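J.: Sharing a structure, written as structure tokens. Questions coming.
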Amino acid sequence: MKPGGYVAEASLAAARAEDPTAAVADYRAMVQVLMAANRQLAGIGNNLNQLTWHLNKDGTWPQPDTVHRLLDRVEASIAELDTAIAQVTEGR
């Protein structure tokens with residue numbers, strides 16, 4: 001999120017709340033958690049890229065069911081993060 005967007009969203013959160021200081025602190029905490037989750041998912045994506053490279057290089061996929069379950073969990077995590085980001089940016 002760009003600084004201007006953060007300031008605008010934090011200002012709106014403060015304007016809507018009975019306790020503006022707490023609202024801004026809550027908003028900041030939510031943004032920090034989402035940014036941390038985004039970094040973690042980026043790291044997972046990097047690991048998946050490396051795994052895919054090795055699997056395609058060797059031509060063998062050991063335990064394909066495990067790989068598919070992992071991918072399903074990553075996709076679910078991304079969907080949950082997308083939902084959380086939408087809720088924060090829409091002021092819910």
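Residues in the structure tokens are numbered from 1 in each chain, the chains being A, B, ... in the order shown, and ligands are numbered from 1 in the order shown.
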Just the residues within 9 Å of region 29-44 of chain A, please, counting only C-alpha atoms, with nothing from its chain fewer than 5 positions along; format it as an NGL selection string.
T.: :A and (1 or 6 or 24 or 49 or 74 or 77-78 or 81 or 84-85 or 88)
J.: Name all residues at most 12 Å from Pro64 (chain A) (count only C-alpha atoms; drop same-chain ones fewer than 6 positions away) and give them as a VMD selection string.
T.: chain A and resid 52 55 70 to 71
J.: Could you turn the residues from that selection into a file that holds C-alpha atoms, as a compact mmCIF listing (two decimals), in the first residue's frame?
T.:
```
# COMPACT_ATOMS: atom_id res chain seq x y z
CA THR A 52 8.90 -27.03 -9.57
CA LEU A 55 10.82 -31.65 -10.24
CA LEU A 70 0.40 -28.45 -0.62
CA LEU A 71 -0.72 -26.48 -3.66
```
J.: Rounded to one decimal, what separation in Å do you get between CA of Gln87 (chain A) and CA of Arg16 (chain A)?
T.: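 Between CA of Gln87 (chain A) and CA of Arg16 (chain A) the gap works out to 15.3 Å.
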J.: Which value, in Å to one decimal, gives the distance between CA of Asp58 (chain A) and CA of Gly45 (chain A)?
T.: 20.0 Å
J.: Kindly indicate which residue among A:Ser11, A:Thr60, A:Thr83, A:Asn47 lies nearest to Ala23 (chain A), using only C-alpha atoms for the distances.
T.: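 Closest to Ala23 (chain A) of all the choices is A:Ser11.
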J.: For a test of reading the model, state the distance in Å between CA of Thr89 (chain A) and CA of Ala15 (chain A), rounded to one decimal.
T.: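 Those two atoms sit 15.0 Å apart.
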